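Next up, data-v3.txt (compact mmCIF, C-alpha atoms):
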```
# COMPACT_ATOMS: atom_id res chain seq x y z
CA MET A 1 10.31 24.39 11.73
CA THR A 2 6.60 23.73 11.90
CA ARG A 3 5.78 20.32 13.26
CA ILE A 4 3.67 18.19 10.93
CA ARG A 5 1.32 15.66 12.49
CA PHE A 6 0.55 12.31 10.91
CA ARG A 7 -2.99 11.91 9.68
CA PRO A 8 -5.24 9.05 10.85
CA ALA A 9 -4.87 5.59 9.39
CA VAL A 10 -6.96 4.45 6.46
CA ALA A 11 -7.34 1.28 4.44
CA LEU A 12 -4.05 0.27 2.97
CA ALA A 13 -2.89 -0.44 -0.51
CA SER A 14 -2.67 -4.01 -1.78
CA ILE A 15 0.38 -6.16 -1.18
CA ALA A 16 1.27 -8.50 -4.05
CA GLY A 17 4.08 -10.54 -5.57
CA ALA A 18 5.57 -8.36 -8.33
CA SER A 19 7.99 -5.61 -7.31
CA THR A 20 7.63 -2.50 -9.51
CA LEU A 21 8.03 1.18 -8.83
CA PHE A 22 6.41 3.82 -11.03
CA LEU A 23 9.33 5.97 -12.11
CA ALA A 24 9.73 8.05 -15.28
CA ALA A 25 12.55 8.05 -17.75
CA CYS A 26 11.97 11.60 -18.97
CA THR A 27 10.87 14.85 -17.38
CA GLN A 28 7.69 14.97 -19.42
CA ASP A 29 6.64 11.58 -18.01
CA ALA A 30 5.85 12.92 -14.53
CA SER A 31 3.40 15.34 -12.97
CA SER A 32 3.98 16.76 -9.50
CA THR A 33 2.70 18.99 -6.77
CA GLU A 34 5.56 20.37 -4.73
CA GLY A 35 5.53 21.50 -1.14
CA ILE A 36 2.09 20.20 -0.09
CA GLU A 37 2.01 19.90 3.70
CA SER A 38 5.71 20.72 3.78
CA ALA A 39 7.27 22.17 6.87
CA THR A 40 7.99 25.90 7.04
CA PRO A 41 11.46 26.57 5.58
CA SER A 42 14.27 27.42 7.95
CA ALA A 43 15.21 31.04 8.34
CA SER A 44 18.75 30.15 7.34
CA ASP A 45 19.60 29.34 3.71
CA GLU A 46 22.83 27.61 4.70
CA ALA A 47 22.69 23.89 3.96
CA PRO A 48 23.37 21.67 6.97
CA ALA A 49 26.44 19.49 6.97
CA ALA A 50 25.73 15.97 5.72
CA GLU A 51 25.81 13.34 8.44
CA ALA A 52 27.12 9.81 8.10
CA PRO A 53 24.25 7.35 7.58
CA VAL A 54 23.17 5.39 10.65
CA ASN A 55 23.54 1.61 10.16
CA GLY A 56 24.44 2.04 6.51
CA VAL A 57 24.19 -0.81 4.03
CA ASP A 58 26.31 -1.50 0.98
CA ALA A 59 24.50 0.46 -1.74
CA LYS A 60 25.88 -1.78 -4.48
CA VAL A 61 23.82 -4.66 -3.12
CA TYR A 62 20.66 -2.65 -3.85
CA ALA A 63 21.70 -1.49 -7.33
CA SER A 64 19.53 -2.30 -10.32
CA SER A 65 20.47 -5.44 -12.20
CA ASP A 66 19.90 -3.55 -15.45
CA PRO A 67 23.28 -2.08 -16.48
CA GLU A 68 21.50 0.75 -18.30
CA THR A 69 19.48 1.77 -15.22
CA ASP A 70 21.24 3.89 -12.61
CA ALA A 71 18.96 3.24 -9.62
CA TYR A 72 19.16 1.78 -6.13
CA GLY A 73 15.91 0.30 -4.85
CA PHE A 74 14.48 -1.60 -1.92
CA VAL A 75 11.26 -2.96 -0.47
CA THR A 76 10.33 -2.34 3.19
CA PRO A 77 10.14 -5.41 5.47
CA SER A 78 6.35 -5.12 5.66
CA GLY A 79 6.12 -5.32 1.88
CA LYS A 80 4.04 -2.14 1.78
CA TRP A 81 6.49 0.31 0.15
CA GLN A 82 9.07 0.17 -2.60
CA CYS A 83 11.56 3.03 -2.75
CA ALA A 84 14.44 4.05 -4.98
CA ILE A 85 17.30 6.51 -5.16
CA ILE A 86 17.89 7.51 -8.79
CA PRO A 87 21.12 9.51 -9.20
CA THR A 88 20.47 10.33 -12.87
CA ARG A 89 17.26 12.08 -11.85
CA ASN A 90 18.65 13.51 -8.58
CA LEU A 91 15.66 12.01 -6.80
CA ALA A 92 14.63 9.63 -4.03
CA GLY A 93 11.03 8.43 -3.83
CA CYS A 94 8.63 5.78 -2.56
CA ALA A 95 5.59 4.13 -4.12
CA SER A 96 3.01 1.64 -2.96
CA HIS A 97 4.25 -1.93 -3.37
CA PRO A 98 3.66 -3.94 -5.45
CA THR A 99 1.06 -2.25 -7.64
CA ALA A 100 2.63 1.24 -7.76
CA GLY A 101 -0.93 2.52 -7.73
CA PRO A 102 -2.31 5.34 -5.57
CA LEU A 103 -0.42 5.73 -2.32
CA GLY A 104 -3.59 5.22 -0.28
CA VAL A 105 -2.45 7.56 2.50
CA PRO A 106 -4.77 10.20 4.03
CA GLY A 107 -4.38 13.61 2.43
CA THR A 108 -2.64 12.42 -0.74
CA PRO A 109 -3.59 15.02 -3.39
CA GLN A 110 -5.17 14.53 -6.78
CA ILE A 111 -2.68 15.33 -9.56
CA ALA A 112 -3.25 15.47 -13.29
CA PRO A 113 -1.44 12.55 -14.95
CA PRO A 114 1.44 13.45 -17.28
CA ASP A 115 -0.27 11.87 -20.28
CA GLY A 116 -3.47 13.90 -19.84
CA GLY A 117 -6.83 13.00 -18.40
CA PRO A 118 -8.54 13.89 -15.13
CA PRO A 119 -6.53 14.30 -11.92
CA ALA A 120 -5.77 11.10 -10.03
CA GLU A 121 -4.35 10.33 -6.60
CA ALA A 122 -0.57 10.62 -6.57
CA ASN A 123 1.35 7.35 -6.78
CA LEU A 124 4.75 8.63 -5.65
CA ILE A 125 6.16 10.74 -2.82
CA ALA A 126 9.62 12.07 -3.60
CA VAL A 127 12.36 14.57 -2.87
CA GLU A 128 14.50 16.01 -5.66
CA ALA A 129 17.80 17.82 -5.39
CA GLY A 130 17.29 21.48 -4.58
CA LYS A 131 13.49 21.19 -4.36
CA ASP A 132 10.86 20.76 -1.69
CA PRO A 133 9.49 17.21 -1.27
CA SER A 134 6.36 16.58 -3.32
CA PHE A 135 3.70 14.15 -4.44
CA GLN A 136 3.97 13.08 -8.06
CA ASN A 137 2.32 10.90 -10.67
CA TRP A 138 4.61 8.67 -12.71
CA ASN A 139 3.52 6.64 -15.67
CA GLN A 140 6.56 4.55 -16.58
CA THR A 141 8.30 1.75 -14.73
CA VAL A 142 12.08 1.94 -14.93
CA PHE A 143 13.19 0.14 -11.77
CA PRO A 144 13.38 -3.60 -12.47
CA ALA A 145 11.59 -6.16 -10.29
CA ASN A 146 14.62 -7.25 -8.32
CA ALA A 147 14.48 -5.03 -5.24
CA LYS A 148 15.79 -6.50 -2.00
CA VAL A 149 14.38 -5.83 1.46
CA LEU A 150 16.04 -3.06 3.46
CA PRO A 151 16.01 -4.23 7.11
CA TYR A 152 14.48 -2.13 9.86
CA ASP A 153 16.73 0.56 11.39
CA THR A 154 19.14 0.62 8.46
CA THR A 155 20.01 3.29 5.89
CA LEU A 156 20.61 3.15 2.14
CA ALA A 157 22.72 6.17 1.12
CA ILE A 158 24.11 6.97 -2.33
CA ASP A 159 24.95 10.05 -4.37
CA GLY A 160 23.68 12.64 -1.92
CA PHE A 161 20.44 10.92 -0.88
CA SER A 162 19.55 8.72 2.11
CA CYS A 163 16.57 6.49 2.86
CA ASN A 164 15.91 4.52 6.03
CA VAL A 165 13.28 2.09 7.28
CA GLN A 166 11.92 2.10 10.83
CA PHE A 167 8.88 0.47 12.42
CA SER A 168 7.25 3.91 12.25
CA GLY A 169 7.67 4.24 8.47
CA VAL A 170 10.10 4.82 5.63
CA SER A 171 11.93 8.12 5.17
CA CYS A 172 14.13 9.69 2.46
CA ARG A 173 16.02 12.98 2.17
CA GLU A 174 18.48 14.99 0.12
CA ASP A 175 21.53 15.01 2.39
CA ALA A 176 22.78 18.49 1.46
CA THR A 177 19.55 20.25 2.44
CA ASP A 178 18.03 17.71 4.87
CA LYS A 179 14.73 18.14 3.01
CA GLY A 180 12.76 14.93 2.77
CA PHE A 181 9.65 12.99 3.67
CA THR A 182 8.36 10.22 5.89
CA ILE A 183 5.48 7.96 4.92
CA SER A 184 3.71 5.07 6.62
CA THR A 185 0.32 3.42 6.51
CA SER A 186 -0.83 5.99 9.09
CA GLY A 187 0.05 9.13 7.13
CA TYR A 188 2.92 11.25 5.88
CA LYS A 189 4.94 14.36 6.61
CA PHE A 190 7.39 16.37 4.55
CA GLU A 191 10.18 15.89 7.05
CA PHE A 192 12.99 13.36 7.19
CA THR A 193 12.93 11.06 10.24
CA PRO A 194 16.44 10.00 11.23
CA ILE A 195 17.20 6.72 12.94
CA PRO A 196 18.03 7.36 16.61
CA VAL A 197 21.79 7.38 16.97
CA SER A 198 23.34 4.85 19.34
CA LEU A 199 26.95 4.60 20.45
CA PRO A 200 28.95 3.44 17.41
CA SER A 201 31.01 0.29 17.61
CA ALA A 202 34.73 0.34 16.84
CA THR A 203 34.24 -1.48 13.54
CA PRO A 204 30.61 -1.21 12.39
CA ALA A 205 29.65 -4.08 10.15
CA GLN A 206 27.76 -3.75 6.89
CA ILE A 207 24.19 -4.96 7.26
CA ALA A 208 23.12 -7.46 4.64
CA PRO A 209 19.65 -7.35 3.05
CA THR A 210 17.06 -9.86 4.14
CA THR A 211 15.17 -12.19 1.86
CA ALA A 212 12.25 -10.94 -0.20
CA PRO A 213 8.86 -10.53 1.51
CA LEU A 214 6.47 -13.43 1.63
CA PRO A 215 4.25 -13.68 -1.47
CA GLN A 216 1.23 -11.43 -1.19
CA GLN A 217 -2.11 -11.37 -2.94
CA ALA A 218 -3.17 -8.46 -5.12
CA ARG A 219 -6.70 -8.30 -3.68
CA GLY A 220 -8.18 -8.98 -0.28
CA SER A 221 -4.94 -8.12 1.50
CA ASN A 222 -4.50 -5.71 4.36
CA GLN A 223 -1.65 -4.69 6.62
CA CYS A 224 -2.75 -4.51 10.25
CA GLY A 225 -1.09 -3.02 13.30
CA PRO A 226 1.89 -4.82 14.84
CA VAL A 227 1.82 -7.50 17.52
CA ALA A 228 4.63 -8.41 19.92
CA TYR A 229 6.02 -11.90 20.40
CA PRO A 230 5.44 -12.74 24.10
CA GLU A 231 8.77 -14.56 24.44
CA THR A 232 10.88 -11.82 22.84
CA GLY A 233 8.88 -8.60 23.07
CA LYS A 234 9.86 -7.96 19.45
CA PRO A 235 7.18 -6.47 17.16
CA ALA A 236 5.82 -8.35 14.18
CA THR A 237 3.97 -6.96 11.18
CA VAL A 238 0.56 -8.56 10.75
CA VAL A 239 -0.63 -8.93 7.16
CA ILE A 240 -3.92 -10.43 5.98
CA VAL A 241 -2.51 -11.94 2.80
CA LYS A 242 -5.75 -13.46 1.57
CA GLY A 243 -9.41 -13.50 2.49
CA THR A 244 -11.99 -11.22 4.06
CA LEU A 245 -10.79 -11.33 7.67
CA ARG A 246 -10.80 -8.06 9.63
CA CYS A 247 -7.68 -6.82 11.45
CA ASP A 248 -9.29 -7.23 14.87
CA GLU A 249 -10.15 -10.84 14.01
CA ALA A 250 -6.57 -11.48 12.88
CA HIS A 251 -5.21 -10.00 16.10
CA ALA A 252 -7.65 -12.04 18.21
CA MET A 253 -6.58 -15.23 16.45
CA LEU A 254 -2.87 -14.48 16.96
CA THR A 255 -3.46 -13.57 20.62
CA LYS A 256 -5.08 -16.96 21.18
CA TYR A 257 -2.24 -18.64 19.31
CA PHE A 258 0.37 -16.91 21.49
CA ALA A 259 -1.44 -18.16 24.61
CA ALA A 260 -1.29 -21.81 23.48
CA PRO A 261 1.17 -23.90 25.53
CA ASP A 262 2.42 -25.91 22.55
CA LYS A 263 2.49 -23.13 19.94
CA ASN A 264 6.21 -23.64 19.34
CA GLU A 265 5.48 -26.85 17.47
CA PRO A 266 6.25 -26.49 13.71
CA VAL A 267 2.52 -26.84 12.97
CA TYR A 268 -0.23 -25.98 15.46
CA SER A 269 -3.98 -26.30 14.78
CA PHE A 270 -6.81 -24.66 16.72
CA ASP A 271 -10.34 -23.34 16.02
CA GLY A 272 -10.10 -24.18 12.32
CA TRP A 273 -6.71 -22.47 11.98
CA GLU A 274 -3.38 -24.09 11.13
CA CYS A 275 -0.29 -22.03 12.00
CA ARG A 276 3.23 -22.81 10.88
CA LEU A 277 6.51 -21.41 12.21
CA ALA A 278 9.57 -20.38 10.23
CA GLY A 279 12.75 -19.33 11.98
CA ASP A 280 13.97 -19.68 15.54
CA PRO A 281 11.25 -19.03 18.15
CA GLY A 282 13.90 -18.75 20.85
CA SER A 283 15.76 -15.90 19.20
CA ALA A 284 15.13 -12.59 20.96
CA GLU A 285 16.87 -10.68 18.18
CA ILE A 286 15.26 -12.10 15.07
CA GLY A 287 11.93 -13.56 16.11
CA TYR A 288 10.10 -15.87 13.74
CA THR A 289 7.49 -15.81 11.01
CA ILE A 290 4.01 -17.22 11.64
CA ASN A 291 1.86 -18.24 8.68
CA CYS A 292 -1.74 -19.13 9.57
CA THR A 293 -4.52 -20.38 7.28
CA ASP A 294 -8.10 -21.43 7.98
CA ASP A 295 -10.82 -23.46 6.30
CA ASN A 296 -12.44 -20.32 4.84
CA GLY A 297 -9.48 -19.40 2.65
CA ASN A 298 -8.02 -16.76 4.97
CA THR A 299 -4.25 -16.40 5.28
CA VAL A 300 -2.59 -14.30 7.99
CA VAL A 301 1.14 -13.72 8.31
CA ALA A 302 3.04 -12.23 11.25
CA GLN A 303 6.62 -11.51 10.24
CA PRO A 304 9.48 -9.77 12.10
```

Using structure tokens, write down the structure from this file.
Amino acid sequence: MTRIRFRPAVALASIAGASTLFLAACTQDASSTEGIESATPSASDEAPAAEAPVNGVDAKVYASSDPETDAYGFVTPSGKWQCAIIPTRNLAGCASHPTAGPLGVPGTPQIAPPDGGPPAEANLIAVEAGKDPSFQNWNQTVFPANAKVLPYDTTLAIDGFSCNVQFSGVSCREDATDKGFTISTSGYKFEFTPIPVSLPSATPAQIAPTTAPLPQQARGSNQCGPVAYPETGKPATVVIVKGTLRCDEAHAMLTKYFAAPDKNEPVYSFDGWECRLAGDPGSAEIGYTINCTDDNGNTVVAQP
């Protein structure tokens, strides 16, 4: 299979409070371009055997609260992507969260919208049963705004589809064919990225969803590269929730904060910044959330 490289990073889509995913109720509500940048098909037409999901969650926890909507959705821990598995449409897909606007990933094609008009950047990446993964444009929201966060290194699997979240991105596939996609703020590829398999425990426990992401602003927000907590070595997602701060400035501020001897105080002020902790700073497994604001209206969050 041809190896697909990720494209360089670009400016990211907005992160905001509402949780909606552009999904269509009818076939005529969606436009698509199949197979763009997809890997070369295997020489064998035999479908691979489906594998048990790694660190699977209870799918019912992620089911839509609307009894008339057969969908299972989640938001990634960074708050950047919202994804759904929709059995009635034999589809799994991801959209930019929370606006469900253009994906904002390098190389995303322009696709004519289903209701007419000039081509526009695709707002969904998806894989459908028996088809190659594709970019699509959807113009109707059918997944309600109640999606829970799927923790890192866990898998949501239901009705022949699987999606997982890793620090490197979010990935979905059709289990029977292993066709799928991976997308992150750095790029995409039409290949499924499995979670590395570790030795299973005798009685693996179901992994519960985490709380919803911190509130985000629709404009002026930006997701920056990760930082690592010095005490734990665990990565944290850095998000400029509000303001005009650059990513390098946010990282410089957090680096100075990490070097402060009394940073573990609930509130720590320095250089016009006020940083607050949430969680247990001594936990090497969970880490803690840092919320920093300054006098210029900037808000930066580092969350595990």

| Given the choices A:Cys163, A:Ile183, A:Val170, A:Ile85, which gets closest to Leu103 (chain A) if the distance is worked out from only C-alpha atoms? |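 Smallest distance to Leu103 (chain A) is found for A:Ile183.
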
Have a look at A:Asp271, A:Val54, A:Glu231, A:Gly79 and name the one nearest to Val149 (chain A); count only C-alpha atoms.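 Smallest separation from Val149 (chain A) among the options: A:Gly79.
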
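With CA of Ile125 (chain A) on one side and CA of Lys148 (chain A) on the other, the separation reads 19.8 Å.
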
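Our summary of the geometry notes that CA of Leu245 (chain A) is positioned 6.7 Å from CA of Asn298 (chain A).
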
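For the choices A:Pro109, A:Pro230, A:Gly169, A:Gly101, the atom-to-atom distance to Ala260 (chain A) is smallest for A:Pro230 when using all atoms listed in the file.
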
The residue from A:Cys172, A:Val105, A:Ala71, A:Leu150 with the smallest atom-to-atom distance to Ser186 (chain A), counting all atoms listed in the file, is A:Val105

### Task
Could you check how far CA of Ser171 (chain A) sits from CA of Lys234 (chain A), in Å to one decimal?
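Here the two named atoms are 21.6 Å from each other.
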
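Comparing A:Thr76, A:Thr177, A:Thr299, A:Asn90 by their smallest distance to Asp132 (chain A), the closest is A:Thr177 (using all atoms listed in the file).
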
Centre, edges in Å (one decimal): axis-aligned box, region 72-79 of chain A, 5 Å padding on all six sides, as lines of an AutoDock Vina configuration file:
```
center_x = 12.6
center_y = -1.8
center_z = -0.2
size_x = 23.0
size_y = 17.2
size_z = 21.8
```

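Distances to Asp175 (chain A) were evaluated for A:Glu249, A:Asp153, A:Glu128, A:Glu68 using all atoms listed in the file, and the minimum falls at A:Glu128.
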
Can you list, as a PyMOL selection string, every protein, DNA or RNA residue that comes within 6 Å of Gly56 (chain A) when you count all atoms listed in the file, leaving out same-chain residues fewer than 4 positions away? chain A and resi 154-156

Handout entry: All residues 9 Å or closer to Cys292 (chain A), all atoms listed in the file, same chain fewer than 6 positions away omitted, as a list in words
Key =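 Contacts, with the query itself left out: Leu254, Trp273, Glu274, Cys275, Arg276, Leu277, Asn298, Thr299, Val300, Val301 and Ala302 of chain A.
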
If I only have part of region 123-140 of chain A, can you fill in N, CA and C atoms and write it as a PDB file, in the frame of the given file?
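See part_31.pdb below for the written result:
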```pdb
ATOM      1  N   ASN A 123       0.833   8.701  -7.024  1.00  0.00           N
ATOM      2  CA  ASN A 123       1.350   7.350  -6.780  1.00  0.00           C
ATOM      3  C   ASN A 123       2.815   7.357  -6.357  1.00  0.00           C
ATOM      4  N   LEU A 124       3.355   8.540  -6.064  1.00  0.00           N
ATOM      5  CA  LEU A 124       4.750   8.630  -5.650  1.00  0.00           C
ATOM      6  C   LEU A 124       4.917   9.819  -4.708  1.00  0.00           C
ATOM      7  N   ILE A 125       5.708   9.637  -3.669  1.00  0.00           N
ATOM      8  CA  ILE A 125       6.160  10.740  -2.820  1.00  0.00           C
ATOM      9  C   ILE A 125       7.666  10.796  -2.978  1.00  0.00           C
ATOM     10  N   ALA A 126       8.213  11.995  -3.208  1.00  0.00           N
ATOM     11  CA  ALA A 126       9.620  12.070  -3.600  1.00  0.00           C
ATOM     12  C   ALA A 126      10.251  13.363  -3.110  1.00  0.00           C
ATOM     13  N   VAL A 127      11.580  13.359  -3.095  1.00  0.00           N
ATOM     14  CA  VAL A 127      12.360  14.570  -2.870  1.00  0.00           C
ATOM     15  C   VAL A 127      13.417  14.629  -3.965  1.00  0.00           C
ATOM     16  N   GLU A 128      13.524  15.798  -4.604  1.00  0.00           N
ATOM     17  CA  GLU A 128      14.500  16.010  -5.660  1.00  0.00           C
ATOM     18  C   GLU A 128      15.543  17.010  -5.194  1.00  0.00           C
ATOM     19  N   ALA A 129      16.711  16.937  -5.780  1.00  0.00           N
ATOM     20  CA  ALA A 129      17.800  17.820  -5.390  1.00  0.00           C
ATOM     21  C   ALA A 129      17.400  19.277  -5.569  1.00  0.00           C
ATOM     22  N   GLY A 130      17.565  20.058  -4.506  1.00  0.00           N
ATOM     23  CA  GLY A 130      17.290  21.480  -4.580  1.00  0.00           C
ATOM     24  C   GLY A 130      15.829  21.861  -4.571  1.00  0.00           C
ATOM     25  N   LYS A 131      14.926  20.912  -4.344  1.00  0.00           N
ATOM     26  CA  LYS A 131      13.490  21.190  -4.360  1.00  0.00           C
ATOM     27  C   LYS A 131      12.841  20.723  -3.072  1.00  0.00           C
ATOM     28  N   ASP A 132      11.641  21.248  -2.814  1.00  0.00           N
ATOM     29  CA  ASP A 132      10.860  20.760  -1.690  1.00  0.00           C
ATOM     30  C   ASP A 132      10.327  19.367  -2.016  1.00  0.00           C
ATOM     31  N   PRO A 133      10.110  18.517  -1.017  1.00  0.00           N
ATOM     32  CA  PRO A 133       9.490  17.210  -1.270  1.00  0.00           C
ATOM     33  C   PRO A 133       8.102  17.406  -1.860  1.00  0.00           C
ATOM     34  N   SER A 134       7.624  16.421  -2.595  1.00  0.00           N
ATOM     35  CA  SER A 134       6.360  16.580  -3.320  1.00  0.00           C
ATOM     36  C   SER A 134       5.703  15.232  -3.573  1.00  0.00           C
ATOM     37  N   PHE A 135       4.422  15.293  -3.887  1.00  0.00           N
ATOM     38  CA  PHE A 135       3.700  14.150  -4.440  1.00  0.00           C
ATOM     39  C   PHE A 135       3.779  14.255  -5.960  1.00  0.00           C
ATOM     40  N   GLN A 136       3.859  13.099  -6.606  1.00  0.00           N
ATOM     41  CA  GLN A 136       3.970  13.080  -8.060  1.00  0.00           C
ATOM     42  C   GLN A 136       3.175  11.922  -8.628  1.00  0.00           C
ATOM     43  N   ASN A 137       2.906  12.006  -9.924  1.00  0.00           N
ATOM     44  CA  ASN A 137       2.320  10.900 -10.670  1.00  0.00           C
ATOM     45  C   ASN A 137       3.303  10.471 -11.744  1.00  0.00           C
ATOM     46  N   TRP A 138       3.674   9.206 -11.719  1.00  0.00           N
ATOM     47  CA  TRP A 138       4.610   8.670 -12.710  1.00  0.00           C
ATOM     48  C   TRP A 138       3.874   7.620 -13.537  1.00  0.00           C
ATOM     49  N   ASN A 139       4.240   7.551 -14.791  1.00  0.00           N
ATOM     50  CA  ASN A 139       3.520   6.640 -15.670  1.00  0.00           C
ATOM     51  C   ASN A 139       4.428   5.661 -16.406  1.00  0.00           C
ATOM     52  N   GLN A 140       5.644   5.470 -15.912  1.00  0.00           N
ATOM     53  CA  GLN A 140       6.560   4.550 -16.580  1.00  0.00           C
ATOM     54  C   GLN A 140       7.390   3.829 -15.539  1.00  0.00           C
TER      55      GLN A 140
END
```
